[in-house]
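*Asks:* Once you've had a glance at the structure underneath, I'll fire off some questions.
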Amino acid sequence: MKVLLFLMSVIFFYSCEEQEKEGVVTLKKERQKPEKDTAILAFYNKNKGDDKRSNSFGVVSNGKLENGKLIPFYGKNFSYFDKGSYLSGRGYVNDKVLVTLLESYKQLETLVPNRHFYIMESANKEGGKLYPHRTHQNGLSVDFMMPLTQGNKPYSQLDSLGTGHYLLAFNNNGEYGYNKSVKVDFNLMAQHILILNKEAEKVGLKIKKVIIKTEYKDELFATEYGKKLKASGIYLVKRLSKLINALHDEHYHVDFGKR
Ligand SMILES: [Zn+2]
């Protein structure tokens, strides 16, 4: 169901399947040296934004963004997940959210130096509808790729699919449908969420809501950082429609808001 429903939306948005396949191949090459990709560099330099404060209006499902800042395409231990999405201007956030993201990755550099993280879609430059997402409208929502492991070792072979990553399907235990030895790293996801919330608080924000497949909670809360996450009081969504639930098995969606 996930593939059928979402594929239609994504393929429609990104024009055609052929381009999508080419995009994946190109992206793999570019990922190795994103600092040499002139299109990405030029886009970032033109659109990164200024020093003016951002303003987020309305709510995540009906809002807009003023003075939004473009997330850098890559850093030491993180990357934006898709060049096409990036160049289409779908990687903007409120300035406070940007500080929160960058600080979280800085901490993860020391805490888990062997891991690379991926940011998925956030918002348009001026917010508003970000098709096909239902929220992501005011620069306070960010999708993050769930980190994966295989035999307790980091697993990165599914990281370079670009927008196709949204289509991956995992079972209720967080195991990849086509290879059950590949599994969501619930402990690391919980650790990142806790760091995000701590950094958000430093700039006057907090995590208002985390959306993940609801069946994941048992696995998540059984881990070391999952226990801390449960005790933290950070709100994890309790019920979702079948479609929205199925879409949140390979990424975690975070809504930030005022403290
Ligand atoms: Zn989302």
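Lettering and numbering for the structure tokens are positional, with chains as A, B, ... in the shown order, residues counted from 1 in each chain, and ligands counted from 1 in the shown order.
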With ligand 1 as the partner and 7 Å as the cut-off, tabulate the residues of chain A that qualify, each row holding the nearest pair of atoms and their distance in Å to one decimal, using only C-alpha atoms and all ligand atoms, sorted by chain and rising number, as JSON lines.
*Replies:*
{"residue": "A:His133", "atom": "CA", "partner": "ligand 1", "partner_atom_place_in_ligand_line": "1 (Zn)", "distance": 6.5}
{"residue": "A:Thr135", "atom": "CA", "partner": "ligand 1", "partner_atom_place_in_ligand_line": "1 (Zn)", "distance": 6.7}
{"residue": "A:His136", "atom": "CA", "partner": "ligand 1", "partner_atom_place_in_ligand_line": "1 (Zn)", "distance": 6.4}
{"residue": "A:Ser141", "atom": "CA", "partner": "ligand 1", "partner_atom_place_in_ligand_line": "1 (Zn)", "distance": 6.4}
{"residue": "A:Val142", "atom": "CA", "partner": "ligand 1", "partner_atom_place_in_ligand_line": "1 (Zn)", "distance": 5.9}
{"residue": "A:Asp143", "atom": "CA", "partner": "ligand 1", "partner_atom_place_in_ligand_line": "1 (Zn)", "distance": 4.7}
{"residue": "A:His253", "atom": "CA", "partner": "ligand 1", "partner_atom_place_in_ligand_line": "1 (Zn)", "distance": 4.4}
{"residue": "A:Val254", "atom": "CA", "partner": "ligand 1", "partner_atom_place_in_ligand_line": "1 (Zn)", "distance": 7.0}
*Asks:* Could you write out, as a PyMOL selection string, all the residues of stretch 27-154 of chain A that DSSP marks as helix (DSSP H, G or I)?
*Replies:* chain A and resi 27-32+34-36+38-47+83-87+95-111
*Asks:* Work out how far atom CA of A:Tyr44 is from atom CA of A:Phe256, in Å to one decimal.
*Replies:*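 Those two atoms sit 23.4 Å apart.
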*Asks:* If you run DSSP on the backbone, which residues of stretch 76-230 of chain A are strand (DSSP E), as a PyMOL selection string?
*Replies:* chain A and resi 78-80+92-93+117-119+141-145+148-150+153-154+175-176+179-184+205-211
*Asks:* Would you output that residue set with N, CA and C atoms, as a short mmCIF file (atom, residue, chain, number, x, y, z; two decimals), in the first residue's frame?
*Replies:*
data_model
loop_
_atom_site.label_atom_id
_atom_site.label_comp_id
_atom_site.auth_asym_id
_atom_site.auth_seq_id
_atom_site.Cartn_x
_atom_site.Cartn_y
_atom_site.Cartn_z
N PHE A 78 26.72 14.75 8.27
CA PHE A 78 25.34 14.73 7.82
C PHE A 78 25.23 15.19 6.37
N SER A 79 24.15 14.81 5.70
CA SER A 79 23.86 15.28 4.34
C SER A 79 22.36 15.44 4.19
N TYR A 80 21.97 16.33 3.28
CA TYR A 80 20.58 16.35 2.83
C TYR A 80 20.45 15.15 1.89
N TYR A 92 14.17 24.11 3.48
CA TYR A 92 14.24 25.32 4.31
C TYR A 92 13.67 25.07 5.70
N VAL A 93 14.20 25.82 6.67
CA VAL A 93 13.68 25.74 8.05
C VAL A 93 13.73 27.12 8.70
N PHE A 117 24.56 10.95 9.10
CA PHE A 117 23.11 11.16 9.24
C PHE A 117 22.53 11.87 8.02
N TYR A 118 21.25 11.63 7.78
CA TYR A 118 20.59 12.25 6.62
C TYR A 118 19.34 13.00 7.02
N ILE A 119 19.26 14.24 6.52
CA ILE A 119 18.07 15.05 6.72
C ILE A 119 17.20 14.87 5.49
N SER A 141 8.92 21.77 10.84
CA SER A 141 8.86 20.31 10.68
C SER A 141 10.07 19.82 9.89
N VAL A 142 10.68 18.74 10.36
CA VAL A 142 11.82 18.16 9.64
C VAL A 142 11.68 16.64 9.64
N ASP A 143 11.96 16.02 8.49
CA ASP A 143 12.02 14.56 8.40
C ASP A 143 13.48 14.13 8.50
N PHE A 144 13.74 13.10 9.29
CA PHE A 144 15.09 12.56 9.45
C PHE A 144 15.09 11.09 9.05
N MET A 145 16.10 10.69 8.30
CA MET A 145 16.24 9.29 7.90
C MET A 145 16.58 8.45 9.13
N LEU A 148 20.31 2.94 10.28
CA LEU A 148 20.13 1.49 10.17
C LEU A 148 21.37 0.74 10.62
N THR A 149 21.17 -0.50 11.03
CA THR A 149 22.30 -1.37 11.35
C THR A 149 22.08 -2.74 10.69
N GLN A 150 23.17 -3.47 10.57
CA GLN A 150 23.10 -4.88 10.16
C GLN A 150 24.08 -5.61 11.07
N LYS A 153 26.21 -3.44 13.24
CA LYS A 153 27.15 -2.51 12.60
C LYS A 153 26.37 -1.51 11.76
N PRO A 154 26.86 -0.26 11.63
CA PRO A 154 26.14 0.71 10.81
C PRO A 154 25.94 0.19 9.39
N GLU A 175 12.45 -4.08 10.83
CA GLU A 175 13.32 -4.85 9.94
C GLU A 175 12.94 -4.56 8.49
N TYR A 176 13.96 -4.38 7.65
CA TYR A 176 13.74 -4.05 6.24
C TYR A 176 13.05 -5.21 5.53
N ASN A 179 15.30 -7.57 3.45
CA ASN A 179 16.46 -8.15 4.11
C ASN A 179 16.33 -7.87 5.61
N LYS A 180 15.80 -8.86 6.31
CA LYS A 180 15.45 -8.63 7.72
C LYS A 180 16.67 -8.46 8.63
N SER A 181 17.87 -8.70 8.08
CA SER A 181 19.05 -8.47 8.92
C SER A 181 19.36 -6.97 9.01
N VAL A 182 18.72 -6.19 8.13
CA VAL A 182 18.89 -4.73 8.17
C VAL A 182 17.78 -4.15 9.03
N LYS A 183 18.18 -3.40 10.06
CA LYS A 183 17.19 -2.99 11.05
C LYS A 183 17.36 -1.53 11.46
N VAL A 184 16.26 -0.91 11.82
CA VAL A 184 16.31 0.47 12.33
C VAL A 184 17.13 0.48 13.62
N LEU A 205 12.94 26.75 21.79
CA LEU A 205 11.99 25.82 21.17
C LEU A 205 11.95 24.53 21.98
N LYS A 206 11.10 23.63 21.56
CA LYS A 206 11.12 22.26 22.08
C LYS A 206 10.51 21.36 21.00
N ILE A 207 10.71 20.07 21.16
CA ILE A 207 10.02 19.16 20.24
C ILE A 207 8.57 19.06 20.68
N LYS A 208 7.67 19.37 19.77
CA LYS A 208 6.24 19.28 20.10
C LYS A 208 5.67 17.91 19.79
N LYS A 209 6.21 17.30 18.74
CA LYS A 209 5.66 16.00 18.35
C LYS A 209 6.67 15.22 17.52
N VAL A 210 6.77 13.93 17.79
CA VAL A 210 7.57 13.03 16.94
C VAL A 210 6.60 12.04 16.32
N ILE A 211 6.72 11.88 15.00
CA ILE A 211 5.88 10.87 14.34
C ILE A 211 6.76 9.73 13.85
#
*Asks:* Would you mind listing what lies within 12 Å of A:His192 as a PyMOL selection string, with only C-alpha atoms counted and same-chain residues fewer than 2 positions away left out?
*Replies:* chain A and resi 100-109+111-112+115+117-118+144-147+185-190+194-200+207+210+225-226+228-229+252+254
*Asks:* Please list as an MDAnalysis selection string every residue within 7 Å of A:Gly139, counting only C-alpha atoms and excluding residues in the same chain fewer than 4 positions away.
*Replies:* chainID A and resid 56 65 68 92:94 122:123 127
*Asks:* Could you turn the residues from that selection into a file that holds N, CA and C atoms, as an mmCIF file, in the first residue's frame?
*Replies:*
data_model
loop_
_atom_site.group_PDB
_atom_site.id
_atom_site.type_symbol
_atom_site.label_atom_id
_atom_site.label_comp_id
_atom_site.auth_asym_id
_atom_site.auth_seq_id
_atom_site.Cartn_x
_atom_site.Cartn_y
_atom_site.Cartn_z
ATOM 1 N N SER A 56 7.857 31.943 11.872
ATOM 2 C CA SER A 56 6.969 30.842 11.481
ATOM 3 C C SER A 56 5.551 31.230 11.850
ATOM 4 N N LEU A 65 6.308 30.571 6.207
ATOM 5 C CA LEU A 65 7.632 30.825 6.773
ATOM 6 C C LEU A 65 8.182 32.113 6.167
ATOM 7 N N GLY A 68 13.097 32.143 5.849
ATOM 8 C CA GLY A 68 13.531 30.759 6.056
ATOM 9 C C GLY A 68 14.994 30.587 5.659
ATOM 10 N N TYR A 92 14.172 24.110 3.483
ATOM 11 C CA TYR A 92 14.243 25.321 4.310
ATOM 12 C C TYR A 92 13.671 25.065 5.702
ATOM 13 N N VAL A 93 14.196 25.819 6.671
ATOM 14 C CA VAL A 93 13.684 25.736 8.045
ATOM 15 C C VAL A 93 13.734 27.116 8.697
ATOM 16 N N ASN A 94 13.083 27.242 9.817
ATOM 17 C CA ASN A 94 13.206 28.404 10.691
ATOM 18 C C ASN A 94 14.662 28.469 11.179
ATOM 19 N N SER A 122 12.042 19.301 4.525
ATOM 20 C CA SER A 122 11.599 20.192 5.617
ATOM 21 C C SER A 122 10.501 21.141 5.109
ATOM 22 N N ALA A 123 10.861 22.249 4.454
ATOM 23 C CA ALA A 123 9.814 23.179 4.011
ATOM 24 C C ALA A 123 10.274 23.951 2.786
ATOM 25 N N GLY A 127 7.414 28.528 3.073
ATOM 26 C CA GLY A 127 6.444 27.641 3.711
ATOM 27 C C GLY A 127 5.273 27.319 2.802
#
*Asks:* Do a neighbour search on A:Asn45 at 12 Å with only C-alpha atoms, toss out local chain neighbours closer than 5 positions, and write the hits as a list in words.
*Replies:*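 Near A:Asn45, the qualifying residues are Thr38, Ala39, Ile40, Asp50, Lys69, Leu70, Ile71, Pro72, Phe73 and Leu87 of chain A.
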*Asks:* If you count only C-alpha atoms, which residues fall within 8 Å of A:Tyr166, apart from same-chain ones fewer than 2 positions away, as a ChimeraX atom specification?
*Replies:* /A:163-164,168,247,250-251
*Asks:* Go ahead and write the residues just picked, C-alpha atoms, as a PDB file, in the first residue's frame.
*Replies:*
ATOM      1  CA  THR A 163      13.324  10.515  -2.606  1.00  0.00           C
ATOM      2  CA  GLY A 164      12.950   6.756  -3.197  1.00  0.00           C
ATOM      3  CA  LEU A 168      11.219   1.710   1.663  1.00  0.00           C
ATOM      4  CA  LEU A 247       4.834   6.179   5.725  1.00  0.00           C
ATOM      5  CA  GLU A 250      11.922   4.682   7.505  1.00  0.00           C
ATOM      6  CA  HIS A 251      12.020   8.286   8.708  1.00  0.00           C
TER       7      HIS A 251
END
*Asks:* Considering only C-alpha atoms, can you say which of A:Asn55, A:Tyr178, A:Asn171, A:Ser156 comes closest to A:Glu126?
*Replies:*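 Among A:Asn55, A:Tyr178, A:Asn171, A:Ser156, it is A:Asn55 that comes nearest to A:Glu126.
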*Asks:* Check the smallest atom-to-atom distance from each of A:Asn245, A:Asn77, A:Thr223, A:Asn138 to A:Arg90 using only C-alpha atoms, then report the winner.
*Replies:*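 Under the stated criterion, the closest residue is A:Asn138.
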*Asks:* Would you mind telling me which residue in A:Lys76, A:Pro132, A:Ile244, A:Ser160 lies nearest to A:His116 when using only C-alpha atoms?
*Replies:*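 Of the candidates, the smallest distance to A:His116 is held by A:Lys76.
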